[in-house]
Amino acid sequence: MKLITCGLPYANGKAHIGHLRTYVPADVYVRYLRMFGEKVIFVCGSDCHGTPIVINAEKEGLRPKELVDIYHEHFQKVFSKIDVNFDYFGRTDAEYHHERTQEIVKRLLENGYIYPKEIELAYCPNCDRFLPDRYVEGVCPYCGEIARGDECDQGCGRHLEPGEILEPRCKICGAKAVYRKQKHYFFRLIEFKDFLLEFLEKLGGTENALNYAKQWVTMELKDWCITRNLEWGVKFPGEDLVVYVWVDAPIGYISFTEKACEGRMDWRDIWLRNKAEIVHFIGLDIVYHHCIFWPAMLKGSDYSLPNAVVASGMVKVEGKTFSKSRGYVVWLEDDYLASGLNTDFLRYYLVNYTSHQKDLNFSWEVFGDKVNNELIANLGNFLYRVTYFAWKNFGGKVEAKIDDTALDAIRTAIDKIKYALENWEFKIASDAFMELSSYGNNYFQNAKPWDLIKSDRDECEKAVATCLQIAKALVILSYPVLPKTMKEFSEFLGFDVAKARIEDALNVESFSIQKPKIPFEKVLPEKIAELEDTMHTRIAMAESGERKEFEETGKEVEGVKETERVNEAMEKTERMKGKVGGIGEKEGEIVMDENPPEISFDEFKRLDLRIGKVINAEKIEKSKKLLRLEIDVGDEVRQVVAGIAEYYKPEDLVGKLVPILVNMKPAKLMGVESRGMILAADVDGEPVLLYPDKKVEPGTKIR
RNA sequence: AGCGGGGUGGGGUAGCCAGGUAAUCCCGGCGGGCUCAUAACCCGCAGAUCCGUGGUUCAAAUCCACGCCCCGCUACCA
C-alpha cells in the first residue's frame, strides 16, 4: 500500500509546464505501480492561502475565495486533460482541511512544541498593515546599500534580522514603515535536530533532495515562525492570526487522503498507523519544507512520517531559465492544449528528456524531433506496421506460435522498468519500452514477413505472431506514459490496456486483430513554427519592455509580480548579472525600472550611441509588434528589430533619423537577428521616437 | 558569500557513486539496403585530448586536490 502525493499547485496562476515536471512523472509512477499490482492512493490539491493570493485578489477586485475558485477549477481541468488522474484533488480552503490543520496545531501546542514570542514587525501606517519582509525596503546597516527586509540582496548579501534594517519603507506605497511589537507563535524546530538527522538517514527518495536536506539540518536550525497577520487562512486557535501557509499546505496531504479514503478504507491506517508507504513528489525548490519542517511537524503531532521525498529538477524553456515575466514559459491551456496536440506527446517529452533529478529543457524544436523521430518513427510505426500487416494478410487471426527470444526481450524491458521505478528514474522506464520497440523493428526487418507471406505462410505467421506479442507488450509497458494513445490502440489488438497487468505482456495467446488506425499523428514543421512564434512573440514583448500585455496573459499584477518564486529568482540573478556584467546586458533595463544605481562616465562611454538613418522598414510576419529595420549607422547598415509596429508604420519610418545603441548584444526575435536597439521614450508602454533637432549625418556619435 | 548540482563527438543526452579493452542513445552529416509501414524501417561510415592543471593507481570520463565556467537554493517571500 502506497500513498503518493504531489506538491500542491498555488492557486494564484495558471498551470504551466513547470507544474507538469512533477505531476506527470508522479502519475506515470502511480500507473506503473498499479500495473505491478500495488495498491496506491494518489492525492493532490490547490494551495489556497498566503499573502500573494490575498493581494492578487484585491487587485482583481475579487475575494480570495473567488480567485482561488478560478484557479482550482483550472488546475482540475488541465490535469484531467493531460491524464494526470488524482484519486482526490482537494483544496486547502475547504472546511475539512481547516479542521485537520487546527487539530494538528492543537496537538503541537499540547505537546509543547509551539510557544508565543513578541517580535518586532515592520508596519505601514499608510496601508494599515504589517509588512512581510518582502515588502520592506531600506538601507543595509552593514554596507549602506539598498536592502530588502530580510537580506541585503544588492550589497553585502548579509541576512538581516527583523528590525535591523535602517530607514524602512513600505514597498507597496512607499511610505515610511515603523516597527511594532506583536505576539507571534513559533515552532520549536531546534528541538527536532537530532530527530531529523536520524530521520534523513532513513528517508528514501532522490539524492538531490536528501543531500540538500542533510546539509541544511547540520547547520544551525532556528525556530520557525508559524503565524501571520492575515484574514485569509487557517485560524490559529485563540488568536487573531492565521497559520503560515507552509504549515497548512502540506497538511493537505493528510486532509486530501481523508477524502480519498472515504468509503474505501480508514485514512488513519496511513497517517497514524504507518500501514502505507508515503511518497512525496515535489519540485527541487521546496525540498526543505518537505524534508525538514514537515517531518518535524508530523513527528511533533504523532503522525506517520514520509518514506521518500522525490524531487524533480527544474524546467528550462528554450535553454533559458523558466520565467513567466520574460516569456520563457509554456502555458498548458493557452499554448499546449489549444494547439490540439496529443497530450501523450508532452507526457513522453517530460518523462523521457532526462533524469528526473536534472533540469529539463523544453524546446519546441526538440519536441518535434522527439515526437516524430522517436514516438512515431520508432514506436508508432512499429505498432502500426505489424498490426496492419497482420490484419491485411491474416484477416486479423494469428495463432500464438511465437519465437521465445522475444519474450526475453520483453522480460528485459520489464526488469528495466522495475529498476527505474525503484530508482525514481522515469526516463529509464520509457527508454526500456523504446528499446523494445527498436528490437521489434529489427525483428520485423530481419524476418521479412512481406517476403515470407509469398513463400512460407507458416513461417510468416510465426514472425507476425512474435511481433504482435512485442506490440502487445509495448502497449502495456508504455501505457503509463502514453495512456490516451495506448488505451485506444489496445482495442485494435483485442484487449483493454487500462485493465492490464504488467505480466500480461508475457502472456502468450492467439491474436484477434482489428484494422488499426495510425497511433500518433505526425507533428508538422508548420505547427512547430507556429508554436515557436507564439513563444518568441511573448519573449520579444517581454524583452522590449511591453509588460502590460503579458501581465494579462500571465496573470501577473503590478507589485505582486515578484511573488512568483521563479520570477524572483530570475530577477535576483539578473541583479547579480547587472552588477558584474554592467550595461551590456539587455536584461538590465527591465530590472532598473526604479532607482537605477549611478554609473561612472567610464561606464557610460561603453555605450556606442549614434544617430542612425532608417533606410528600410518592414513588418515581421506573424508578429503584432515587431518591425525589421535596416539602419545606416555610419560605417555599415544594421538590421534591427524594434517592438514599435503598433505605433509606427514602416513606410513612415524610412528616411527618419533615430538614436541607436550600436553595441547592443545581438538577439534573435521571432527568428530575426537584431543587432542594435533604437531608443524611444516610453509613454506608458507606448514608444515615442526621438529625432535630432537638426539634420545630422548617419553615424554621428551621441554623448 | 555560503551550500548543492553540473561541464562528455556539430546539438542534446547516458555512463561516473561500486575505476579495467578509449564511451550510450536520439537528432544532424555521409554511404548502402529494404519496401510491410506515417519518405517510416534496417545496416555501415565519419566525428570526442570525456572543462583545465596536478595527484592516487598497473590502469581514470570515472577517485582526490586546486582552478575556470554554467545552473539552482538560501527559512517571518508558496
# chains A, B, ... in the order shown; residues from 1 in each chain; ligands from 1
$ closest_atom_pairs --of "chain B" --to "chain A" --cutoff "8 Å" --atoms "only C-alpha atoms (C1' of nucleotides)" --output "JSON lines"
{"residue": "B:A1", "atom": "C1'", "partner": "A:Gly157", "partner_atom": "CA", "distance": 6.6}
{"residue": "B:C3", "atom": "C1'", "partner": "A:Gln215", "partner_atom": "CA", "distance": 7.7}
{"residue": "B:G4", "atom": "C1'", "partner": "A:Tyr212", "partner_atom": "CA", "distance": 6.1}
{"residue": "B:G5", "atom": "C1'", "partner": "A:Asn208", "partner_atom": "CA", "distance": 7.7}
{"residue": "B:U13", "atom": "C1'", "partner": "A:Thr354", "partner_atom": "CA", "distance": 7.1}
{"residue": "B:C26", "atom": "C1'", "partner": "A:Glu374", "partner_atom": "CA", "distance": 7.7}
{"residue": "B:C27", "atom": "C1'", "partner": "A:Asp369", "partner_atom": "CA", "distance": 7.1}
{"residue": "B:C36", "atom": "C1'", "partner": "A:Trp450", "partner_atom": "CA", "distance": 5.6}
{"residue": "B:A37", "atom": "C1'", "partner": "A:Arg385", "partner_atom": "CA", "distance": 4.3}
{"residue": "B:U38", "atom": "C1'", "partner": "A:Lys522", "partner_atom": "CA", "distance": 6.8}
{"residue": "B:A40", "atom": "C1'", "partner": "A:Ala377", "partner_atom": "CA", "distance": 5.8}
{"residue": "B:C41", "atom": "C1'", "partner": "A:Asn441", "partner_atom": "CA", "distance": 6.7}
{"residue": "B:C42", "atom": "C1'", "partner": "A:Gln445", "partner_atom": "CA", "distance": 6.1}
{"residue": "B:C73", "atom": "C1'", "partner": "A:Asp285", "partner_atom": "CA", "distance": 6.8}
{"residue": "B:A75", "atom": "C1'", "partner": "A:Trp224", "partner_atom": "CA", "distance": 7.5}
{"residue": "B:C76", "atom": "C1'", "partner": "A:Cys225", "partner_atom": "CA", "distance": 5.9}
{"residue": "B:C77", "atom": "C1'", "partner": "A:Arg134", "partner_atom": "CA", "distance": 5.8}
{"residue": "B:A78", "atom": "C1'", "partner": "A:Tyr10", "partner_atom": "CA", "distance": 6.5}
$ residues_around --residues "Ile4 of chain A" --least-positions-apart "6" --cutoff "7 Å" --atoms "only C-alpha atoms (C1' of nucleotides)" --output "compact mmCIF listing (two decimals) with N, CA and C atoms, in the first residue's frame"
# COMPACT_ATOMS: atom_id res chain seq x y z
N ILE A 41 -2.83 5.12 -3.47
CA ILE A 41 -3.70 6.29 -3.40
C ILE A 41 -2.87 7.49 -3.82
N PHE A 42 -3.47 8.32 -4.68
CA PHE A 42 -2.72 9.41 -5.32
C PHE A 42 -3.48 10.72 -5.07
N VAL A 43 -2.91 11.61 -4.30
CA VAL A 43 -3.65 12.84 -3.97
C VAL A 43 -2.85 14.11 -4.23
N ILE A 278 4.58 6.31 2.38
CA ILE A 278 4.19 7.66 1.94
C ILE A 278 5.32 8.25 1.09
N VAL A 279 4.97 8.64 -0.14
CA VAL A 279 5.96 9.19 -1.05
C VAL A 279 5.51 10.57 -1.54
N HIS A 280 6.36 11.56 -1.32
CA HIS A 280 6.05 12.92 -1.78
C HIS A 280 6.82 13.24 -3.05
$ atom_distance --atom1 "atom CA of Gly396 of chain A" --atom2 "atom CA of Phe489 of chain A"
14.4 Å
$ residues_around --residues "segment 338-341 of chain A" --least-positions-apart "3" --cutoff "8 Å" --atoms "only C-alpha atoms (C1' of nucleotides)" --output "PyMOL selection string"
chain A and resi 333-335+345+523+531
$ write_last_selection --atoms "N, CA and C atoms" --output "CSV table (one decimal), in the first residue's frame"
chain,number,residue,atom,x,y,z
A,333,GLU,N,-2.8,25.4,-20.9
A,333,GLU,CA,-4.1,25.6,-21.6
A,333,GLU,C,-4.0,26.5,-22.8
A,334,ASP,N,-3.4,27.6,-22.7
A,334,ASP,CA,-3.3,28.5,-23.8
A,334,ASP,C,-2.4,28.1,-24.9
A,335,ASP,N,-1.3,27.4,-24.5
A,335,ASP,CA,-0.3,27.0,-25.6
A,335,ASP,C,-0.6,25.5,-26.0
A,345,PHE,N,2.2,13.2,-26.2
A,345,PHE,CA,3.5,13.8,-26.7
A,345,PHE,C,4.2,14.5,-25.6
A,523,VAL,N,3.7,15.5,-36.1
A,523,VAL,CA,3.7,16.9,-35.8
A,523,VAL,C,4.4,17.6,-37.0
A,531,LEU,N,4.0,27.4,-33.0
A,531,LEU,CA,4.2,27.4,-31.5
A,531,LEU,C,5.4,28.2,-31.1
$ atom_distance --atom1 "atom CA of Phe511 of chain A" --atom2 "atom CA of Met486 of chain A"
17.0 Å
$ closest_residue --among "A:Gly327, A:Glu103, A:Lys117, A:Ala94" --to "Gly233 of chain A" --atoms "only C-alpha atoms"
A:Ala94
$ select_by_dssp --residues "segment 390-526 of chain A" --states "strand (DSSP E)" --output "list in words"
Lys397, Val398, Phe511 and Ser512 of chain A
$ write_last_selection --atoms "N, CA and C atoms" --output "mmCIF file, in the first residue's frame"
data_model
loop_
_atom_site.group_PDB
_atom_site.id
_atom_site.type_symbol
_atom_site.label_atom_id
_atom_site.label_comp_id
_atom_site.auth_asym_id
_atom_site.auth_seq_id
_atom_site.Cartn_x
_atom_site.Cartn_y
_atom_site.Cartn_z
ATOM 1 N N LYS A 397 -6.525 -12.793 -37.711
ATOM 2 C CA LYS A 397 -6.420 -14.015 -36.896
ATOM 3 C C LYS A 397 -5.007 -14.583 -36.983
ATOM 4 N N VAL A 398 -4.303 -14.531 -35.878
ATOM 5 C CA VAL A 398 -2.931 -15.018 -35.867
ATOM 6 C C VAL A 398 -2.752 -15.952 -34.682
ATOM 7 N N PHE A 511 -4.057 -14.115 -31.417
ATOM 8 C CA PHE A 511 -4.487 -12.737 -31.582
ATOM 9 C C PHE A 511 -5.714 -12.620 -32.473
ATOM 10 N N SER A 512 -6.507 -11.644 -32.114
ATOM 11 C CA SER A 512 -7.624 -11.277 -32.970
ATOM 12 C C SER A 512 -7.547 -9.767 -33.193
#
$ decode --residues "segment 425-463 of chain A" --atoms "N, CA and C atoms" --output "CSV table (one decimal), in the first residue's frame"
chain,number,residue,atom,x,y,z
A,425,GLU,N,13.8,6.9,-11.7
A,425,GLU,CA,14.3,7.3,-12.9
A,425,GLU,C,13.4,6.9,-14.1
A,426,PHE,N,12.5,7.8,-14.3
A,426,PHE,CA,11.4,7.5,-15.2
A,426,PHE,C,11.8,7.5,-16.7
A,427,LYS,N,12.9,8.2,-17.0
A,427,LYS,CA,13.4,8.2,-18.3
A,427,LYS,C,13.9,6.7,-18.6
A,428,ILE,N,14.4,6.1,-17.7
A,428,ILE,CA,14.9,4.7,-17.9
A,428,ILE,C,13.7,3.8,-18.2
A,429,ALA,N,12.6,4.0,-17.6
A,429,ALA,CA,11.4,3.2,-17.9
A,429,ALA,C,11.0,3.4,-19.3
A,430,SER,N,11.0,4.7,-19.7
A,430,SER,CA,10.5,5.0,-21.1
A,430,SER,C,11.5,4.5,-22.1
A,431,ASP,N,12.8,4.6,-21.7
A,431,ASP,CA,13.8,4.1,-22.6
A,431,ASP,C,13.6,2.6,-22.8
A,432,ALA,N,13.2,1.9,-21.8
A,432,ALA,CA,13.1,0.5,-21.8
A,432,ALA,C,12.1,0.1,-22.9
A,433,PHE,N,10.9,0.8,-23.0
A,433,PHE,CA,10.0,0.3,-24.0
A,433,PHE,C,10.4,0.8,-25.4
A,434,MET,N,11.1,1.9,-25.4
A,434,MET,CA,11.6,2.4,-26.7
A,434,MET,C,12.6,1.4,-27.3
A,435,GLU,N,13.4,0.9,-26.4
A,435,GLU,CA,14.4,-0.1,-26.9
A,435,GLU,C,13.7,-1.4,-27.3
A,436,LEU,N,12.7,-1.7,-26.6
A,436,LEU,CA,11.9,-2.9,-27.0
A,436,LEU,C,11.3,-2.7,-28.4
A,437,SER,N,10.9,-1.5,-28.6
A,437,SER,CA,10.3,-1.1,-29.9
A,437,SER,C,11.3,-1.2,-31.0
A,438,SER,N,12.5,-0.8,-30.7
A,438,SER,CA,13.6,-0.9,-31.7
A,438,SER,C,13.9,-2.4,-32.0
A,439,TYR,N,13.9,-3.1,-30.9
A,439,TYR,CA,14.1,-4.6,-31.1
A,439,TYR,C,13.0,-5.1,-32.0
A,440,GLY,N,11.8,-4.7,-31.8
A,440,GLY,CA,10.7,-5.1,-32.7
A,440,GLY,C,10.9,-4.8,-34.1
A,441,ASN,N,11.3,-3.5,-34.4
A,441,ASN,CA,11.5,-3.1,-35.7
A,441,ASN,C,12.6,-3.9,-36.4
A,442,ASN,N,13.6,-4.2,-35.6
A,442,ASN,CA,14.7,-5.0,-36.1
A,442,ASN,C,14.2,-6.4,-36.4
A,443,TYR,N,13.5,-7.0,-35.6
A,443,TYR,CA,12.9,-8.3,-35.7
A,443,TYR,C,12.1,-8.4,-37.0
A,444,PHE,N,11.3,-7.4,-37.1
A,444,PHE,CA,10.4,-7.4,-38.3
A,444,PHE,C,11.2,-7.3,-39.6
A,445,GLN,N,12.2,-6.4,-39.5
A,445,GLN,CA,13.0,-6.1,-40.7
A,445,GLN,C,13.8,-7.4,-41.1
A,446,ASN,N,14.4,-8.1,-40.1
A,446,ASN,CA,15.2,-9.3,-40.4
A,446,ASN,C,14.3,-10.5,-40.8
A,447,ALA,N,13.1,-10.6,-40.3
A,447,ALA,CA,12.2,-11.7,-40.6
A,447,ALA,C,11.6,-11.6,-42.0
A,448,LYS,N,11.6,-10.3,-42.5
A,448,LYS,CA,11.0,-10.1,-43.8
A,448,LYS,C,9.6,-10.7,-44.1
A,449,PRO,N,8.7,-10.5,-43.2
A,449,PRO,CA,7.4,-11.2,-43.4
A,449,PRO,C,6.7,-10.9,-44.8
A,450,TRP,N,7.1,-9.7,-45.3
A,450,TRP,CA,6.5,-9.4,-46.6
A,450,TRP,C,7.0,-10.3,-47.7
A,451,ASP,N,8.2,-10.9,-47.5
A,451,ASP,CA,8.6,-11.9,-48.4
A,451,ASP,C,8.0,-13.3,-48.1
A,452,LEU,N,8.1,-13.6,-46.8
A,452,LEU,CA,7.6,-14.9,-46.3
A,452,LEU,C,6.2,-15.2,-46.7
A,453,ILE,N,5.4,-14.1,-46.7
A,453,ILE,CA,4.0,-14.3,-47.0
A,453,ILE,C,3.8,-14.9,-48.3
A,454,LYS,N,4.8,-14.7,-49.2
A,454,LYS,CA,4.7,-15.3,-50.6
A,454,LYS,C,5.2,-16.7,-50.6
A,455,SER,N,6.2,-17.0,-49.8
A,455,SER,CA,6.9,-18.2,-49.9
A,455,SER,C,6.5,-19.2,-48.8
A,456,ASP,N,6.4,-18.8,-47.5
A,456,ASP,CA,6.2,-19.7,-46.4
A,456,ASP,C,5.2,-19.1,-45.4
A,457,ARG,N,4.0,-19.4,-45.6
A,457,ARG,CA,2.9,-18.7,-44.8
A,457,ARG,C,3.1,-19.0,-43.3
A,458,ASP,N,3.5,-20.3,-43.0
A,458,ASP,CA,3.6,-20.7,-41.6
A,458,ASP,C,4.7,-19.9,-40.9
A,459,GLU,N,5.9,-19.8,-41.6
A,459,GLU,CA,7.0,-19.0,-41.1
A,459,GLU,C,6.6,-17.6,-40.9
A,460,CYS,N,5.8,-17.1,-41.8
A,460,CYS,CA,5.4,-15.7,-41.8
A,460,CYS,C,4.5,-15.5,-40.6
A,461,GLU,N,3.6,-16.4,-40.4
A,461,GLU,CA,2.7,-16.3,-39.2
A,461,GLU,C,3.4,-16.3,-37.9
A,462,LYS,N,4.4,-17.1,-37.9
A,462,LYS,CA,5.2,-17.1,-36.6
A,462,LYS,C,5.9,-15.8,-36.4
A,463,ALA,N,6.5,-15.2,-37.4
A,463,ALA,CA,7.1,-13.9,-37.3
A,463,ALA,C,6.1,-12.9,-36.9
